$ cat structure_14.pdb   # PDB, C-alpha atoms, pLDDT in the B column
MODEL        1
ATOM      1  CA  ARG D   1     125.754  53.066  91.026  1.00 55.00           C
ATOM      2  CA  VAL D   2     128.485  55.464  92.076  1.00 65.00           C
ATOM      3  CA  LEU D   3     132.198  55.175  91.329  1.00 68.00           C
ATOM      4  CA  PHE D   4     134.449  55.571  94.364  1.00 70.00           C
ATOM      5  CA  ARG D   5     138.074  56.628  94.516  1.00 73.00           C
ATOM      6  CA  SER D   6     140.436  55.312  97.131  1.00 70.00           C
ATOM      7  CA  THR D   7     141.596  57.862  99.698  1.00 73.00           C
ATOM      8  CA  ILE D   8     145.356  58.315  99.812  1.00 73.00           C
ATOM      9  CA  GLY D   9     146.513  57.197 103.244  1.00 74.00           C
ATOM     10  CA  GLY D  10     142.953  56.368 104.284  1.00 73.00           C
ATOM     11  CA  SER D  11     142.088  53.266 102.281  1.00 69.00           C
ATOM     12  CA  ASN D  12     144.514  50.803 103.809  1.00 74.00           C
ATOM     13  CA  ASN D  13     143.568  47.233 102.950  1.00 77.00           C
ATOM     14  CA  THR D  14     140.440  48.363 101.037  1.00 76.00           C
ATOM     15  CA  TRP D  15     141.711  50.210  97.951  1.00 76.00           C
ATOM     16  CA  GLY D  16     141.885  47.050  95.830  1.00 80.00           C
ATOM     17  CA  GLN D  17     138.235  46.153  96.450  1.00 82.00           C
ATOM     18  CA  THR D  18     137.180  49.795  95.927  1.00 81.00           C
ATOM     19  CA  LEU D  19     138.970  49.825  92.572  1.00 83.00           C
ATOM     20  CA  ASN D  20     137.521  46.458  91.545  1.00 83.00           C
ATOM     21  CA  ASP D  21     133.977  47.539  92.471  1.00 84.00           C
ATOM     22  CA  SER D  22     134.305  50.724  90.410  1.00 82.00           C
ATOM     23  CA  LEU D  23     135.704  48.816  87.411  1.00 85.00           C
ATOM     24  CA  ASP D  24     132.861  46.280  87.677  1.00 84.00           C
ATOM     25  CA  THR D  25     130.375  49.162  87.561  1.00 81.00           C
ATOM     26  CA  ILE D  26     131.942  50.445  84.334  1.00 83.00           C
ATOM     27  CA  VAL D  27     132.103  46.991  82.715  1.00 82.00           C
ATOM     28  CA  ASN D  28     128.485  46.183  83.631  1.00 79.00           C
ATOM     29  CA  ALA D  29     127.281  49.504  82.203  1.00 76.00           C
ATOM     30  CA  VAL D  30     129.181  48.958  78.939  1.00 76.00           C
ATOM     31  CA  ASN D  31     127.876  45.392  78.651  1.00 74.00           C
ATOM     32  CA  GLY D  32     124.338  46.509  79.438  1.00 71.00           C
ATOM     33  CA  THR D  33     124.023  44.193  82.445  1.00 72.00           C
ATOM     34  CA  SER D  34     123.327  47.058  84.857  1.00 71.00           C
ATOM     35  CA  GLY D  35     123.052  50.810  84.717  1.00 65.00           C
ATOM     36  CA  THR D  36     122.890  52.669  81.460  1.00 63.00           C
ATOM     37  CA  ILE D  37     125.139  54.617  79.176  1.00 62.00           C
ATOM     38  CA  SER D  38     123.156  57.445  77.672  1.00 63.00           C
ATOM     39  CA  PRO D  39     125.335  59.794  75.691  1.00 64.00           C
ATOM     40  CA  SER D  40     123.500  62.870  74.558  1.00 66.00           C
ATOM     41  CA  PHE D  41     124.622  64.295  71.252  1.00 74.00           C
ATOM     42  CA  SER D  42     122.865  67.144  69.518  1.00 79.00           C
ATOM     43  CA  ALA D  43     124.663  66.416  66.248  1.00 87.00           C
ATOM     44  CA  VAL D  44     127.250  64.153  64.661  1.00 89.00           C
ATOM     45  CA  THR D  45     129.601  65.798  62.194  1.00 91.00           C
ATOM     46  CA  LEU D  46     131.506  63.848  59.523  1.00 91.00           C
ATOM     47  CA  GLY D  47     133.473  66.187  57.296  1.00 91.00           C
ATOM     48  CA  GLY D  48     130.931  68.444  55.572  1.00 93.00           C
ATOM     49  CA  TRP D  49     127.997  66.259  56.696  1.00 95.00           C
ATOM     50  CA  THR D  50     125.972  66.749  59.878  1.00 95.00           C
ATOM     51  CA  ILE D  51     123.370  64.345  61.269  1.00 96.00           C
ATOM     52  CA  THR D  52     120.851  65.786  63.716  1.00 95.00           C
ATOM     53  CA  GLU D  53     117.707  64.468  65.411  1.00 93.00           C
ATOM     54  CA  THR D  54     114.619  66.665  65.660  1.00 92.00           C
ATOM     55  CA  GLY D  55     111.160  65.489  66.668  1.00 92.00           C
ATOM     56  CA  GLY D  56     112.148  61.834  66.235  1.00 91.00           C
ATOM     57  CA  SER D  57     113.460  62.284  62.690  1.00 95.00           C
ATOM     58  CA  LEU D  58     117.075  62.128  61.566  1.00 96.00           C
ATOM     59  CA  TYR D  59     118.213  64.902  59.252  1.00 97.00           C
ATOM     60  CA  PHE D  60     121.308  64.572  57.076  1.00 97.00           C
ATOM     61  CA  ALA D  61     122.738  67.915  55.998  1.00 97.00           C
ATOM     62  CA  ASN D  62     125.678  68.822  53.795  1.00 96.00           C
ATOM     63  CA  SER D  63     127.256  72.239  54.302  1.00 94.00           C
ATOM     64  CA  GLY D  64     124.260  73.288  56.420  1.00 93.00           C
ATOM     65  CA  THR D  65     121.539  72.283  53.919  1.00 97.00           C
ATOM     66  CA  ASN D  66     119.277  69.316  54.709  1.00 97.00           C
ATOM     67  CA  LYS D  67     119.555  66.672  51.996  1.00 98.00           C
ATOM     68  CA  MET D  68     117.791  63.689  53.566  1.00 97.00           C
ATOM     69  CA  LYS D  69     115.284  62.903  56.327  1.00 97.00           C
ATOM     70  CA  LEU D  70     114.535  59.531  57.942  1.00 96.00           C
ATOM     71  CA  ASP D  71     111.424  59.479  60.142  1.00 95.00           C
ATOM     72  CA  THR D  72     110.368  57.018  62.849  1.00 94.00           C
ATOM     73  CA  SER D  73     108.116  55.121  60.433  1.00 93.00           C
ATOM     74  CA  GLY D  74     111.086  54.408  58.175  1.00 93.00           C
ATOM     75  CA  ASN D  75     110.080  56.900  55.497  1.00 94.00           C
ATOM     76  CA  LEU D  76     113.084  58.325  53.700  1.00 95.00           C
ATOM     77  CA  THR D  77     112.799  61.718  52.021  1.00 97.00           C
ATOM     78  CA  VAL D  78     115.623  63.048  49.852  1.00 97.00           C
ATOM     79  CA  THR D  79     116.131  66.252  47.899  1.00 97.00           C
ATOM     80  CA  GLY D  80     117.877  64.567  44.979  1.00 96.00           C
ATOM     81  CA  ASP D  81     117.347  61.466  42.879  1.00 95.00           C
ATOM     82  CA  VAL D  82     117.496  57.945  44.321  1.00 92.00           C
ATOM     83  CA  THR D  83     119.412  55.355  42.297  1.00 92.00           C
ATOM     84  CA  GLY D  84     118.652  51.688  42.717  1.00 90.00           C
ATOM     85  CA  PHE D  85     121.136  48.977  41.773  1.00 91.00           C
ATOM     86  CA  GLY D  86     123.864  51.549  41.102  1.00 90.00           C
ATOM     87  CA  THR D  87     127.578  51.151  41.594  1.00 90.00           C
ATOM     88  CA  ILE D  88     129.356  52.877  44.471  1.00 84.00           C
ATOM     89  CA  THR D  89     133.024  53.624  43.849  1.00 88.00           C
TER
ENDMDL
END

$ encode --input "structure_14.pdb" --output "structure tokens"
Amino acid sequence: RVLFRSTIGGSNNTWGQTLNDSLDTIVNAVNGTSGTISPSFSAVTLGGWTITETGGSLYFANSGTNKMKLDTSGNLTVTGDVTGFGTIT
């Protein structure tokens, strides 16, 4: 669906409905009831960490070096040790 803008001086008596229709389009897309929102990110950066997707796998890198990979089967591969039942502070 397309969003429409009212025309200044040319939308007499219709600008309110035009605005409401456009807002409904946005709300429905956000709620997932119609349309789609498909952001396309090549990477997410959080401080020194970067998360990228390649070939269906997520790669977690720190300072440009991959440290962890999560594939579509749920397999997790890490370069360091994995601690179970540890304490996070």

$ resolve_selection --input "structure_14.pdb" --expression "the PyMOL selection byres ((chain D and resi 79) around 10)" --output "PDB file with C-alpha atoms, keeping the file's coordinate frame"
ATOM      1  CA  ASN D  66     119.277  69.316  54.709  1.00 97.00           C
ATOM      2  CA  LYS D  67     119.555  66.672  51.996  1.00 98.00           C
ATOM      3  CA  MET D  68     117.791  63.689  53.566  1.00 97.00           C
ATOM      4  CA  LYS D  69     115.284  62.903  56.327  1.00 97.00           C
ATOM      5  CA  THR D  77     112.799  61.718  52.021  1.00 97.00           C
ATOM      6  CA  VAL D  78     115.623  63.048  49.852  1.00 97.00           C
ATOM      7  CA  GLY D  80     117.877  64.567  44.979  1.00 96.00           C
ATOM      8  CA  ASP D  81     117.347  61.466  42.879  1.00 95.00           C
ATOM      9  CA  VAL D  82     117.496  57.945  44.321  1.00 92.00           C
TER      10      VAL D  82
END

$ residues_around --input "structure_14.pdb" --residues "Arg5 (chain D)" --least-positions-apart "4" --cutoff "10 Å" --atoms "all atoms listed in the file" --output "ChimeraX atom specification"
/D:11,15,18-19,22

$ resolve_selection --input "structure_14.pdb" --expression "the PyMOL selection byres ((chain D and resi 55) around 12)" --output "VMD selection string"
chain D and resid 52 to 54 56 to 59 69 to 72

$ closest_residue --input "structure_14.pdb" --among "D:Thr83, D:Phe41, D:Phe4, D:Thr65" --to "Thr25 (chain D)" --atoms "all atoms listed in the file"
D:Phe4

$ residues_around --input "structure_14.pdb" --residues "Thr45 (chain D)" --least-positions-apart "6" --cutoff "10 Å" --atoms "all atoms listed in the file" --output "ChimeraX atom specification"
/D:51-52,60-62

$ atom_distance --input "structure_14.pdb" --atom1 "CA of Leu23 (chain D)" --atom2 "CA of Ser6 (chain D)"
12.6 Å

$ atom_distance --input "structure_14.pdb" --atom1 "CA of Ser63 (chain D)" --atom2 "CA of Gly47 (chain D)"
9.2 Å

$ atom_distance --input "structure_14.pdb" --atom1 "CA of Ile8 (chain D)" --atom2 "CA of Ser34 (chain D)"
28.9 Å
